[in-house]
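Novice: Here's a structure for you.
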Amino acid sequence: MNNVSLIGRLTADPELKRTQSGLAMTRFSVAVDRRVKQGEENQADFINIIAWRQTAEFICKYFSKGQRIALTGRIQTGSYTDSEGKKRSTFDVIAENVEFCDSKNSQKTDTKSIEVENTADFEQMPDDKDLPF
């Protein structure tokens with residue numbers, strides 16, 4: 001089974017790109033802390049992430065550098081030949097699901113603004129102190 005779960009911080013603002021056919025994608029890295037013994041210096045692994053379609057659009061709209069992100073996905077490996085003729089291997093995590101880790105109040109004030117949907121269709125509920133919950 002090829003499943004990956006990560007929680008880390010974005011190392012840069014994600015940038016939305018499109019393939020020639022118009023498919024949305026983004027490529028970024030996440031700094032994931034390693035467990036260390038008490039008294040040892042903290043260490044992090046920098047994991048390359050790729051997201052496609054709506055997941056990519058969501059990440060680019062709502063996440064920014066330094067923000068914590070939780071994601072699940074799968075590992076994808078590949079290879080290519082570099083300009084010097086050497087064969088290189090790639091290792092990426094394909095993000096399938098992402099979630100916020102920071103509370104709204106703990107986010108920096110310079111993060112991207114989130115658009116609030118029009119709530120005109122909703123009816124205000126009366127304050128009923130007799131509800132059983």
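Numbering starts fresh at 1 for the residues of each chain in the structure tokens, the chains themselves are lettered A, B, ... in the order given, and ligands are numbered from 1 as they appear.
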Please list as an mmCIF file with C-alpha atoms, in the first residue's frame every residue within 12 Å of Val4 (chain A), counting only C-alpha atoms and excluding residues in the same chain fewer than 2 positions away.

Specialist:
data_model
loop_
_atom_site.group_PDB
_atom_site.id
_atom_site.type_symbol
_atom_site.label_atom_id
_atom_site.label_comp_id
_atom_site.auth_asym_id
_atom_site.auth_seq_id
_atom_site.Cartn_x
_atom_site.Cartn_y
_atom_site.Cartn_z
ATOM 1 C CA MET A 1 0.000 0.000 0.000
ATOM 2 C CA ASN A 2 1.409 3.431 -0.962
ATOM 3 C CA LEU A 6 2.735 14.482 6.548
ATOM 4 C CA ILE A 7 2.452 17.584 8.706
ATOM 5 C CA ILE A 47 9.755 16.802 1.088
ATOM 6 C CA ILE A 49 5.023 17.775 -3.030
ATOM 7 C CA ALA A 70 -1.411 18.369 6.835
ATOM 8 C CA LEU A 71 -1.579 16.208 3.758
ATOM 9 C CA THR A 72 -2.103 12.644 2.691
ATOM 10 C CA GLY A 73 -1.115 11.182 -0.615
ATOM 11 C CA ARG A 74 1.201 8.710 -2.287
ATOM 12 C CA ILE A 75 4.872 8.469 -3.185
ATOM 13 C CA GLN A 76 5.782 8.705 -6.854
ATOM 14 C CA ASP A 92 7.766 13.234 -4.856
ATOM 15 C CA VAL A 93 4.622 12.990 -2.770
ATOM 16 C CA ILE A 94 1.428 13.414 -4.782
ATOM 17 C CA ALA A 95 -0.985 15.242 -2.459
ATOM 18 C CA GLU A 96 -4.515 13.897 -2.588
ATOM 19 C CA ASN A 97 -6.019 15.480 0.558
ATOM 20 C CA VAL A 98 -4.882 18.576 2.451
#

Novice: Just the residues within 6 Å of Gln67 (chain A), please, counting only C-alpha atoms, with nothing from its chain fewer than 2 positions along; format it as a PyMOL selection string.

Specialist: chain A and resi 9-10+64-65

Novice: Taking the DSSP assignment computed from this structure's backbone, write out as JSON, numbers by chain all residues of region 5-96 of chain A that belong to strand (DSSP E or B).

Specialist: {"A": [5, 6, 7, 8, 9, 10, 17, 18, 24, 25, 26, 27, 28, 29, 30, 31, 32, 33, 44, 45, 46, 47, 48, 49, 50, 51, 52, 68, 69, 70, 71, 72, 73, 74, 75, 76, 77, 78, 79, 80, 81, 87, 88, 89, 90, 91, 92, 93, 94, 95, 96]}

Novice: Please write the residues from the selection above to a file, keeping C-alpha atoms, as an mmCIF file, in the first residue's frame.

Specialist:
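New file result.cif:
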data_model
loop_
_atom_site.group_PDB
_atom_site.id
_atom_site.type_symbol
_atom_site.label_atom_id
_atom_site.label_comp_id
_atom_site.auth_asym_id
_atom_site.auth_seq_id
_atom_site.Cartn_x
_atom_site.Cartn_y
_atom_site.Cartn_z
ATOM 1 C CA SER A 5 0.730 11.337 5.816
ATOM 2 C CA LEU A 6 2.735 14.482 6.548
ATOM 3 C CA ILE A 7 2.452 17.584 8.706
ATOM 4 C CA GLY A 8 4.914 20.360 8.035
ATOM 5 C CA ARG A 9 5.465 23.971 7.004
ATOM 6 C CA LEU A 10 5.507 25.278 3.446
ATOM 7 C CA LYS A 17 0.638 26.523 -12.937
ATOM 8 C CA ARG A 18 -1.288 25.015 -15.824
ATOM 9 C CA ALA A 24 -4.027 23.017 -12.670
ATOM 10 C CA MET A 25 -0.941 21.910 -10.743
ATOM 11 C CA THR A 26 1.461 23.164 -8.119
ATOM 12 C CA ARG A 27 4.842 21.963 -6.924
ATOM 13 C CA PHE A 28 6.236 22.972 -3.520
ATOM 14 C CA SER A 29 8.167 21.567 -0.564
ATOM 15 C CA VAL A 30 7.239 21.022 3.049
ATOM 16 C CA ALA A 31 9.654 21.076 5.991
ATOM 17 C CA VAL A 32 8.737 18.131 8.218
ATOM 18 C CA ASP A 33 10.312 17.917 11.671
ATOM 19 C CA ALA A 44 13.794 18.625 9.368
ATOM 20 C CA ASP A 45 13.326 16.792 6.104
ATOM 21 C CA PHE A 46 12.315 18.802 3.050
ATOM 22 C CA ILE A 47 9.755 16.802 1.088
ATOM 23 C CA ASN A 48 8.792 17.674 -2.488
ATOM 24 C CA ILE A 49 5.023 17.775 -3.030
ATOM 25 C CA ILE A 50 2.963 17.868 -6.235
ATOM 26 C CA ALA A 51 -0.767 18.619 -6.259
ATOM 27 C CA TRP A 52 -3.184 18.527 -9.204
ATOM 28 C CA ARG A 68 1.478 24.423 8.601
ATOM 29 C CA ILE A 69 -0.231 21.947 6.315
ATOM 30 C CA ALA A 70 -1.411 18.369 6.835
ATOM 31 C CA LEU A 71 -1.579 16.208 3.758
ATOM 32 C CA THR A 72 -2.103 12.644 2.691
ATOM 33 C CA GLY A 73 -1.115 11.182 -0.615
ATOM 34 C CA ARG A 74 1.201 8.710 -2.287
ATOM 35 C CA ILE A 75 4.872 8.469 -3.185
ATOM 36 C CA GLN A 76 5.782 8.705 -6.854
ATOM 37 C CA THR A 77 9.275 7.971 -8.139
ATOM 38 C CA GLY A 78 10.767 8.722 -11.516
ATOM 39 C CA SER A 79 14.033 9.261 -13.339
ATOM 40 C CA TYR A 80 15.548 11.483 -15.976
ATOM 41 C CA THR A 81 18.897 12.166 -17.602
ATOM 42 C CA LYS A 87 20.751 9.458 -14.726
ATOM 43 C CA ARG A 88 18.892 11.129 -11.835
ATOM 44 C CA SER A 89 16.062 9.818 -9.657
ATOM 45 C CA THR A 90 13.094 11.794 -8.417
ATOM 46 C CA PHE A 91 10.999 11.257 -5.318
ATOM 47 C CA ASP A 92 7.766 13.234 -4.856
ATOM 48 C CA VAL A 93 4.622 12.990 -2.770
ATOM 49 C CA ILE A 94 1.428 13.414 -4.782
ATOM 50 C CA ALA A 95 -0.985 15.242 -2.459
ATOM 51 C CA GLU A 96 -4.515 13.897 -2.588
#

Novice: Distance CA of Asp13 (chain A)-CA of Gln54 (chain A), one decimal place?

Specialist: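 For CA of Asp13 (chain A) relative to CA of Gln54 (chain A), the distance reads 17.1 Å.
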
Novice: Please compute the CA of Phe58 (chain A)-CA of Pro14 (chain A) distance, one decimal, in Å.

Specialist: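 So the two atoms, CA of Phe58 (chain A) and CA of Pro14 (chain A), lie 10.3 Å apart.
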
Novice: Can you list every residue in region 18-84 of chain A that DSSP puts in alpha helix (DSSP H), as a list in words?

Specialist: Arg53, Gln54, Thr55, Ala56, Glu57, Phe58, Ile59, Cys60, Lys61 and Tyr62 of chain A

Novice: Go ahead and dump the residues you just picked, N, CA and C atoms, as an mmCIF file, in the first residue's frame.

Specialist:
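Output below, filename selection_9.cif:
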data_model
loop_
_atom_site.group_PDB
_atom_site.id
_atom_site.type_symbol
_atom_site.label_atom_id
_atom_site.label_comp_id
_atom_site.auth_asym_id
_atom_site.auth_seq_id
_atom_site.Cartn_x
_atom_site.Cartn_y
_atom_site.Cartn_z
ATOM 1 N N ARG A 53 -5.172 19.557 -10.026
ATOM 2 C CA ARG A 53 -6.579 19.954 -10.139
ATOM 3 C C ARG A 53 -7.051 20.819 -8.974
ATOM 4 N N GLN A 54 -8.200 20.474 -8.377
ATOM 5 C CA GLN A 54 -8.791 21.285 -7.318
ATOM 6 C C GLN A 54 -7.901 21.339 -6.080
ATOM 7 N N THR A 55 -7.164 20.282 -5.816
ATOM 8 C CA THR A 55 -6.257 20.287 -4.669
ATOM 9 C C THR A 55 -5.192 21.358 -4.852
ATOM 10 N N ALA A 56 -4.641 21.470 -6.053
ATOM 11 C CA ALA A 56 -3.639 22.503 -6.350
ATOM 12 C C ALA A 56 -4.243 23.895 -6.214
ATOM 13 N N GLU A 57 -5.426 24.089 -6.737
ATOM 14 C CA GLU A 57 -6.081 25.396 -6.647
ATOM 15 C C GLU A 57 -6.352 25.769 -5.192
ATOM 16 N N PHE A 58 -6.799 24.815 -4.390
ATOM 17 C CA PHE A 58 -7.081 25.046 -2.970
ATOM 18 C C PHE A 58 -5.805 25.453 -2.231
ATOM 19 N N ILE A 59 -4.732 24.727 -2.442
ATOM 20 C CA ILE A 59 -3.465 25.022 -1.768
ATOM 21 C C ILE A 59 -2.981 26.418 -2.133
ATOM 22 N N CYS A 60 -3.004 26.748 -3.405
ATOM 23 C CA CYS A 60 -2.507 28.057 -3.847
ATOM 24 C C CYS A 60 -3.378 29.201 -3.344
ATOM 25 N N LYS A 61 -4.642 28.946 -3.152
ATOM 26 C CA LYS A 61 -5.552 29.999 -2.700
ATOM 27 C C LYS A 61 -5.446 30.246 -1.193
ATOM 28 N N TYR A 62 -5.273 29.195 -0.408
ATOM 29 C CA TYR A 62 -5.392 29.322 1.035
ATOM 30 C C TYR A 62 -4.111 29.125 1.851
#

Novice: Quick one: pull the distance between CA of Glu99 (chain A) and CA of Ser21 (chain A), Å, one decimal.

Specialist: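 About the pair CA of Glu99 (chain A) and CA of Ser21 (chain A): they are 27.5 Å apart.
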